[in-house]
Amino acid sequence: MDKKTYYVCVAVATVWTSYDSSREIDDNAISVPVKLDKWLEQLTYTRRLELCEKNLVQTQLLLGEEVYVTEMKGKWAKIVIPSQFSSKDERGYPGWVPFHQLISQTEYFPLNKPTAVVSATIATLHLAEEALQISYQTQLPLLKEDKEWLEVQTPVGSGRIKRQDAVVIEDRNRKLKGTGDRIIAAGEQFLNLPYLWGGMSAWGYDCSGFAYATHKANGYLIPRDATDQARQGKEVGLASIQPGDLLFFAHEKGEASIHHVGIYYGEGKMLHSPKTGKTVELIELKETLYEEELCAARRYY
């Protein structure tokens, strides 16, 4: 089928490697509405690790994000994500989502209109008949505002979020660009958040998802995966790294394939989301495996 534009109609849609990747234990992640807290509570360390080791999950999407549907298989849609650049597909990051987590809306998100961007880690979206918890960096068209509330358009109707939980961008085409220190500040609020393979929301990030979100919050749309992130941006010598630069790590003491990315914090420290079983942390690089594996740095700010 030709690609057709749809929008995500749940708080966070997990993008699976194949239409048959999800397990019974993942039912709360593929439902409408999604039950993210319940899903993550049920995942033991082993079941979380399977998301990576069995290559079950690719990435995630936030409420209102645009996708192109390219194929259908039963109740599943094959998609590409234009906002997540990937060398896997020039149209955007590929994967599969349950079709009922998508909705078709014409002219849903005009680019030249004000946008409400969630700045709290998790905000409450009040709809006509229910309230949803939505993630940091969810972007929704602004309808009107007052001192306390922002009324926003969503793929499932209008709703309200507290003004204190979001910032308003007047024109999405004219993004305010943050500094390296602002990239770090965006990440610091997630210290101790458990790692999630493929994670792209405030319920859990993987290493490159964490880099992606902190940059997006500062007006920079960077590639989704660490290997692609290491190919773009401005190359920085390892002796010249500054706070906010992305640091890349490769197997075999930096000589083999890149497997991890973190954000340089300054003073020899790194802010990153390490791996399953760990949480977002701030560490000293010296005398760690990361010091041995450090192979490249890139600057996007």
# chains A, B, ... in the order shown; residues from 1 in each chain; ligands from 1
$ select_by_dssp --residues "segment 30-258 of chain A" --states "alpha helix (DSSP H)" --output "count of residues only"
43
$ residues_around --residues "segment 143-145 of chain A" --least-positions-apart "3" --cutoff "9 Å" --atoms "only C-alpha atoms" --output "list in words"
Pro114, Thr115, Glu148, Trp149, Leu150, Glu151, Val152, Gln153, Ser158 and Arg163 of chain A
$ select_by_dssp --residues "segment 21-264 of chain A" --states "strand (DSSP E or B)" --output "MDAnalysis selection string"
chainID A and resid 57:62 66:73 76:81 86 89 93:98 102:103 115:118 122:126 131:135 139:145 149:154 157:162 166:169 194 200:201 204:205 234:235 246:250 258:264
$ write_last_selection --atoms "C-alpha atoms" --output "short mmCIF file (atom, residue, chain, number, x, y, z; two decimals), in the first residue's frame"
data_model
loop_
_atom_site.label_atom_id
_atom_site.label_comp_id
_atom_site.auth_asym_id
_atom_site.auth_seq_id
_atom_site.Cartn_x
_atom_site.Cartn_y
_atom_site.Cartn_z
CA VAL A 57 11.33 -3.48 20.32
CA GLN A 58 12.71 -0.73 18.05
CA THR A 59 11.62 2.61 19.48
CA GLN A 60 8.59 4.48 20.86
CA LEU A 61 6.25 7.30 19.84
CA LEU A 62 4.44 9.96 21.87
CA GLU A 66 3.04 11.53 12.91
CA VAL A 67 3.73 8.23 11.18
CA TYR A 68 3.33 6.84 7.68
CA VAL A 69 1.61 3.47 7.40
CA THR A 70 3.18 1.42 4.60
CA GLU A 71 1.70 -2.05 5.14
CA MET A 72 -0.98 -3.89 7.12
CA LYS A 73 -0.78 -7.37 8.64
CA TRP A 76 -0.85 -4.47 12.95
CA ALA A 77 0.51 -1.57 10.89
CA LYS A 78 4.01 -1.31 9.48
CA ILE A 79 5.13 2.29 9.85
CA VAL A 80 7.97 4.72 9.30
CA ILE A 81 8.52 7.69 11.62
CA SER A 86 17.40 6.32 10.69
CA ASP A 89 14.93 3.63 6.10
CA TYR A 93 12.49 4.87 11.60
CA PRO A 94 10.66 1.64 10.66
CA GLY A 95 8.68 -0.80 12.80
CA TRP A 96 5.24 -2.16 13.69
CA VAL A 97 2.48 -0.84 15.97
CA PRO A 98 -1.04 -2.04 16.73
CA LEU A 102 -3.14 5.18 15.37
CA ILE A 103 -5.77 7.55 14.03
CA THR A 115 2.37 24.35 20.18
CA ALA A 116 2.21 23.23 23.81
CA VAL A 117 5.25 21.09 24.67
CA VAL A 118 5.17 19.08 27.89
CA ILE A 122 4.86 13.41 33.21
CA ALA A 123 1.77 15.64 32.87
CA THR A 124 -1.94 14.97 33.18
CA LEU A 125 -4.03 15.55 30.05
CA HIS A 126 -7.68 16.14 30.95
CA ALA A 131 -7.50 11.82 32.16
CA LEU A 132 -4.29 10.52 30.60
CA GLN A 133 -0.73 10.68 31.87
CA ILE A 134 1.45 11.95 29.01
CA SER A 135 5.21 12.14 28.64
CA GLN A 139 3.82 18.22 21.51
CA LEU A 140 0.20 19.24 20.93
CA PRO A 141 -1.39 22.13 18.98
CA LEU A 142 -2.47 24.96 21.29
CA LEU A 143 -6.10 26.09 20.99
CA LYS A 144 -6.26 28.69 23.75
CA GLU A 145 -4.76 29.49 27.11
CA TRP A 149 -4.64 25.97 31.77
CA LEU A 150 -3.56 25.28 28.19
CA GLU A 151 -6.28 23.93 25.95
CA VAL A 152 -4.78 21.65 23.34
CA GLN A 153 -5.85 19.61 20.34
CA THR A 154 -5.14 15.89 20.45
CA GLY A 157 -10.31 15.53 20.81
CA SER A 158 -9.49 18.68 22.75
CA GLY A 159 -8.09 18.53 26.25
CA ARG A 160 -6.41 20.62 28.93
CA ILE A 161 -3.04 20.50 30.65
CA LYS A 162 -1.79 22.64 33.51
CA ALA A 166 4.25 22.77 29.52
CA VAL A 167 5.91 25.52 27.53
CA VAL A 168 4.34 27.25 24.54
CA ILE A 169 6.27 27.54 21.28
CA PRO A 194 15.04 2.89 35.05
CA MET A 200 11.61 7.24 24.22
CA SER A 201 9.41 8.53 27.06
CA GLY A 204 12.09 4.93 30.50
CA TYR A 205 14.78 5.77 27.95
CA LYS A 234 29.88 18.38 14.40
CA GLU A 235 32.88 16.14 15.02
CA LEU A 246 27.56 13.32 22.89
CA LEU A 247 30.15 10.66 23.71
CA PHE A 248 30.21 7.37 21.82
CA PHE A 249 31.54 4.02 22.96
CA ALA A 250 32.58 0.99 20.93
CA ILE A 258 29.45 1.60 18.53
CA HIS A 259 27.09 0.27 21.20
CA HIS A 260 26.46 3.19 23.58
CA VAL A 261 26.08 6.97 23.81
CA GLY A 262 26.15 9.35 26.76
CA ILE A 263 26.14 13.11 27.36
CA TYR A 264 29.35 14.76 28.56
#
$ closest_residue --among "A:Lys177, A:Phe190, A:Gly74, A:Glu65" --to "Thr121 of chain A" --atoms "only C-alpha atoms"
A:Phe190
$ residues_around --residues "segment 268-284 of chain A" --least-positions-apart "5" --cutoff "10 Å" --atoms "only C-alpha atoms" --output "number ranges by chain"
A: 44-46, 48-52, 184, 187-197, 204-211, 241-247, 260-263, 290-291
$ closest_residue --among "A:Ala230, A:Ala217, A:Leu285, A:Leu43" --to "Thr179 of chain A" --atoms "only C-alpha atoms"
A:Ala217
$ residues_around --residues "Gln42 of chain A" --least-positions-apart "2" --cutoff "12 Å" --atoms "only C-alpha atoms" --output "ChimeraX atom specification"
/A:24-29,35-40,44-48
$ write_last_selection --atoms "all heavy atoms" --output "CSV table (one decimal), in the first residue's frame"
chain,number,residue,atom,x,y,z
A,24,GLU,N,2.6,-12.0,25.5
A,24,GLU,CA,1.4,-11.9,26.4
A,24,GLU,C,1.6,-10.9,27.5
A,24,GLU,O,0.7,-10.1,27.8
A,24,GLU,CB,1.0,-13.3,26.9
A,24,GLU,CG,-0.4,-13.2,27.6
A,24,GLU,CD,-0.9,-14.6,28.0
A,24,GLU,OE1,-0.3,-15.6,27.5
A,24,GLU,OE2,-1.8,-14.7,28.9
A,25,ILE,N,2.8,-10.9,28.0
A,25,ILE,CA,3.1,-10.0,29.1
A,25,ILE,C,3.1,-8.5,28.7
A,25,ILE,O,3.1,-7.6,29.5
A,25,ILE,CB,4.4,-10.4,29.8
A,25,ILE,CG1,4.5,-9.8,31.2
A,25,ILE,CG2,5.6,-9.9,28.9
A,25,ILE,CD1,5.7,-10.3,32.0
A,26,ASP,N,3.1,-8.3,27.4
A,26,ASP,CA,3.2,-6.9,26.8
A,26,ASP,C,1.8,-6.4,26.5
A,26,ASP,O,1.7,-5.3,25.9
A,26,ASP,CB,4.0,-6.9,25.6
A,26,ASP,CG,5.5,-7.4,25.8
A,26,ASP,OD1,6.0,-7.0,26.9
A,26,ASP,OD2,6.0,-8.1,25.0
A,27,ASP,N,0.7,-7.1,26.8
A,27,ASP,CA,-0.6,-6.7,26.4
A,27,ASP,C,-1.0,-5.2,26.9
A,27,ASP,O,-1.7,-4.5,26.2
A,27,ASP,CB,-1.7,-7.6,27.0
A,27,ASP,CG,-1.7,-8.9,26.2
A,27,ASP,OD1,-1.0,-9.0,25.2
A,27,ASP,OD2,-2.4,-9.9,26.6
A,28,ASN,N,-0.4,-4.8,28.1
A,28,ASN,CA,-0.7,-3.5,28.6
A,28,ASN,C,0.0,-2.4,27.8
A,28,ASN,O,-0.4,-1.2,27.9
A,28,ASN,CB,-0.4,-3.4,30.0
A,28,ASN,CG,-1.4,-4.1,30.9
A,28,ASN,OD1,-2.6,-3.9,30.8
A,28,ASN,ND2,-0.9,-4.9,31.8
A,29,ALA,N,1.0,-2.8,27.0
A,29,ALA,CA,1.7,-1.8,26.1
A,29,ALA,C,1.1,-1.7,24.7
A,29,ALA,O,1.4,-0.7,24.0
A,29,ALA,CB,3.2,-2.3,26.0
A,35,LYS,N,-1.4,1.0,29.3
A,35,LYS,CA,-1.2,1.0,30.8
A,35,LYS,C,0.3,0.8,31.1
A,35,LYS,O,0.7,-0.3,31.4
A,35,LYS,CB,-2.1,-0.1,31.4
A,35,LYS,CG,-3.6,0.0,31.0
A,35,LYS,CD,-4.3,-1.1,31.6
A,35,LYS,CE,-5.8,-1.1,31.2
A,35,LYS,NZ,-6.0,-1.5,29.7
A,36,LEU,N,1.0,1.9,30.9
A,36,LEU,CA,2.5,1.8,31.0
A,36,LEU,C,3.0,1.4,32.3
A,36,LEU,O,3.9,0.5,32.4
A,36,LEU,CB,3.1,3.1,30.5
A,36,LEU,CG,2.9,3.5,29.0
A,36,LEU,CD1,3.3,4.9,28.8
A,36,LEU,CD2,3.8,2.5,28.2
A,37,ASP,N,2.4,2.0,33.4
A,37,ASP,CA,2.9,1.6,34.7
A,37,ASP,C,2.7,0.2,35.0
A,37,ASP,O,3.6,-0.5,35.5
A,37,ASP,CB,2.2,2.5,35.8
A,37,ASP,CG,2.6,3.9,35.7
A,37,ASP,OD1,3.8,4.2,35.5
A,37,ASP,OD2,1.8,4.8,36.0
A,38,LYS,N,1.5,-0.3,34.6
A,38,LYS,CA,1.2,-1.8,34.9
A,38,LYS,C,2.1,-2.7,34.0
A,38,LYS,O,2.6,-3.7,34.5
A,38,LYS,CB,-0.3,-2.0,34.5
A,38,LYS,CG,-0.8,-3.3,35.1
A,38,LYS,CD,-2.3,-3.3,34.9
A,38,LYS,CE,-2.9,-4.6,35.5
A,38,LYS,NZ,-4.4,-4.7,35.4
A,39,TRP,N,2.4,-2.3,32.8
A,39,TRP,CA,3.2,-3.1,31.9
A,39,TRP,C,4.6,-3.2,32.5
A,39,TRP,O,5.2,-4.3,32.6
A,39,TRP,CB,3.3,-2.4,30.5
A,39,TRP,CG,4.3,-3.1,29.6
A,39,TRP,CD1,4.4,-4.4,29.3
A,39,TRP,CD2,5.3,-2.4,28.8
A,39,TRP,NE1,5.4,-4.6,28.4
A,39,TRP,CE2,5.9,-3.4,28.0
A,39,TRP,CE3,5.6,-1.1,28.6
A,39,TRP,CZ2,6.9,-3.1,27.1
A,39,TRP,CZ3,6.6,-0.8,27.7
A,39,TRP,CH2,7.3,-1.8,26.9
A,40,LEU,N,5.2,-2.0,32.9
A,40,LEU,CA,6.6,-2.0,33.4
A,40,LEU,C,6.7,-2.7,34.7
A,40,LEU,O,7.7,-3.3,35.0
A,40,LEU,CB,7.1,-0.6,33.4
A,40,LEU,CG,7.2,0.1,32.1
A,40,LEU,CD1,7.6,1.6,32.2
A,40,LEU,CD2,8.2,-0.6,31.2
A,44,THR,N,9.8,-8.4,34.8
A,44,THR,CA,11.0,-8.8,35.6
A,44,THR,C,12.2,-8.4,34.8
A,44,THR,O,12.2,-8.0,33.6
A,44,THR,CB,11.0,-10.3,35.8
A,44,THR,OG1,11.1,-11.0,34.5
A,44,THR,CG2,9.8,-10.8,36.5
A,45,TYR,N,13.4,-8.4,35.5
A,45,TYR,CA,14.6,-8.1,34.8
A,45,TYR,C,14.8,-9.0,33.5
A,45,TYR,O,15.1,-8.4,32.4
A,45,TYR,CB,15.8,-8.3,35.7
A,45,TYR,CG,17.1,-8.3,35.0
A,45,TYR,CD1,17.7,-7.0,34.7
A,45,TYR,CD2,17.8,-9.4,34.7
A,45,TYR,CE1,18.9,-7.0,34.1
A,45,TYR,CE2,19.1,-9.4,34.0
A,45,TYR,CZ,19.6,-8.1,33.7
A,45,TYR,OH,20.8,-8.1,33.1
A,46,THR,N,14.5,-10.2,33.6
A,46,THR,CA,14.7,-11.1,32.5
A,46,THR,C,13.8,-10.8,31.3
A,46,THR,O,14.2,-10.7,30.2
A,46,THR,CB,14.4,-12.6,32.9
A,46,THR,OG1,15.3,-13.0,33.9
A,46,THR,CG2,14.6,-13.6,31.7
A,47,ARG,N,12.5,-10.5,31.6
A,47,ARG,CA,11.5,-10.1,30.6
A,47,ARG,C,11.9,-8.8,30.0
A,47,ARG,O,11.6,-8.5,28.8
A,47,ARG,CB,10.1,-10.1,31.1
A,47,ARG,CG,9.6,-11.4,31.7
A,47,ARG,CD,10.0,-12.7,30.9
A,47,ARG,NE,9.3,-12.8,29.6
A,47,ARG,CZ,8.1,-13.3,29.4
A,47,ARG,NH1,7.4,-13.7,30.4
A,47,ARG,NH2,7.6,-13.4,28.2
A,48,ARG,N,12.4,-7.8,30.8
A,48,ARG,CA,12.9,-6.5,30.2
A,48,ARG,C,14.1,-6.8,29.3
A,48,ARG,O,14.1,-6.1,28.2
A,48,ARG,CB,13.3,-5.6,31.4
A,48,ARG,CG,12.2,-4.7,31.9
A,48,ARG,CD,12.8,-3.7,32.9
A,48,ARG,NE,11.8,-2.9,33.5
A,48,ARG,CZ,11.7,-1.6,33.4
A,48,ARG,NH1,12.6,-0.9,32.6
A,48,ARG,NH2,10.8,-0.9,34.0
$ closest_residue --among "A:Arg298, A:Ser240, A:Trp16, A:Asp165" --to "Gly266 of chain A" --atoms "only C-alpha atoms"
A:Ser240
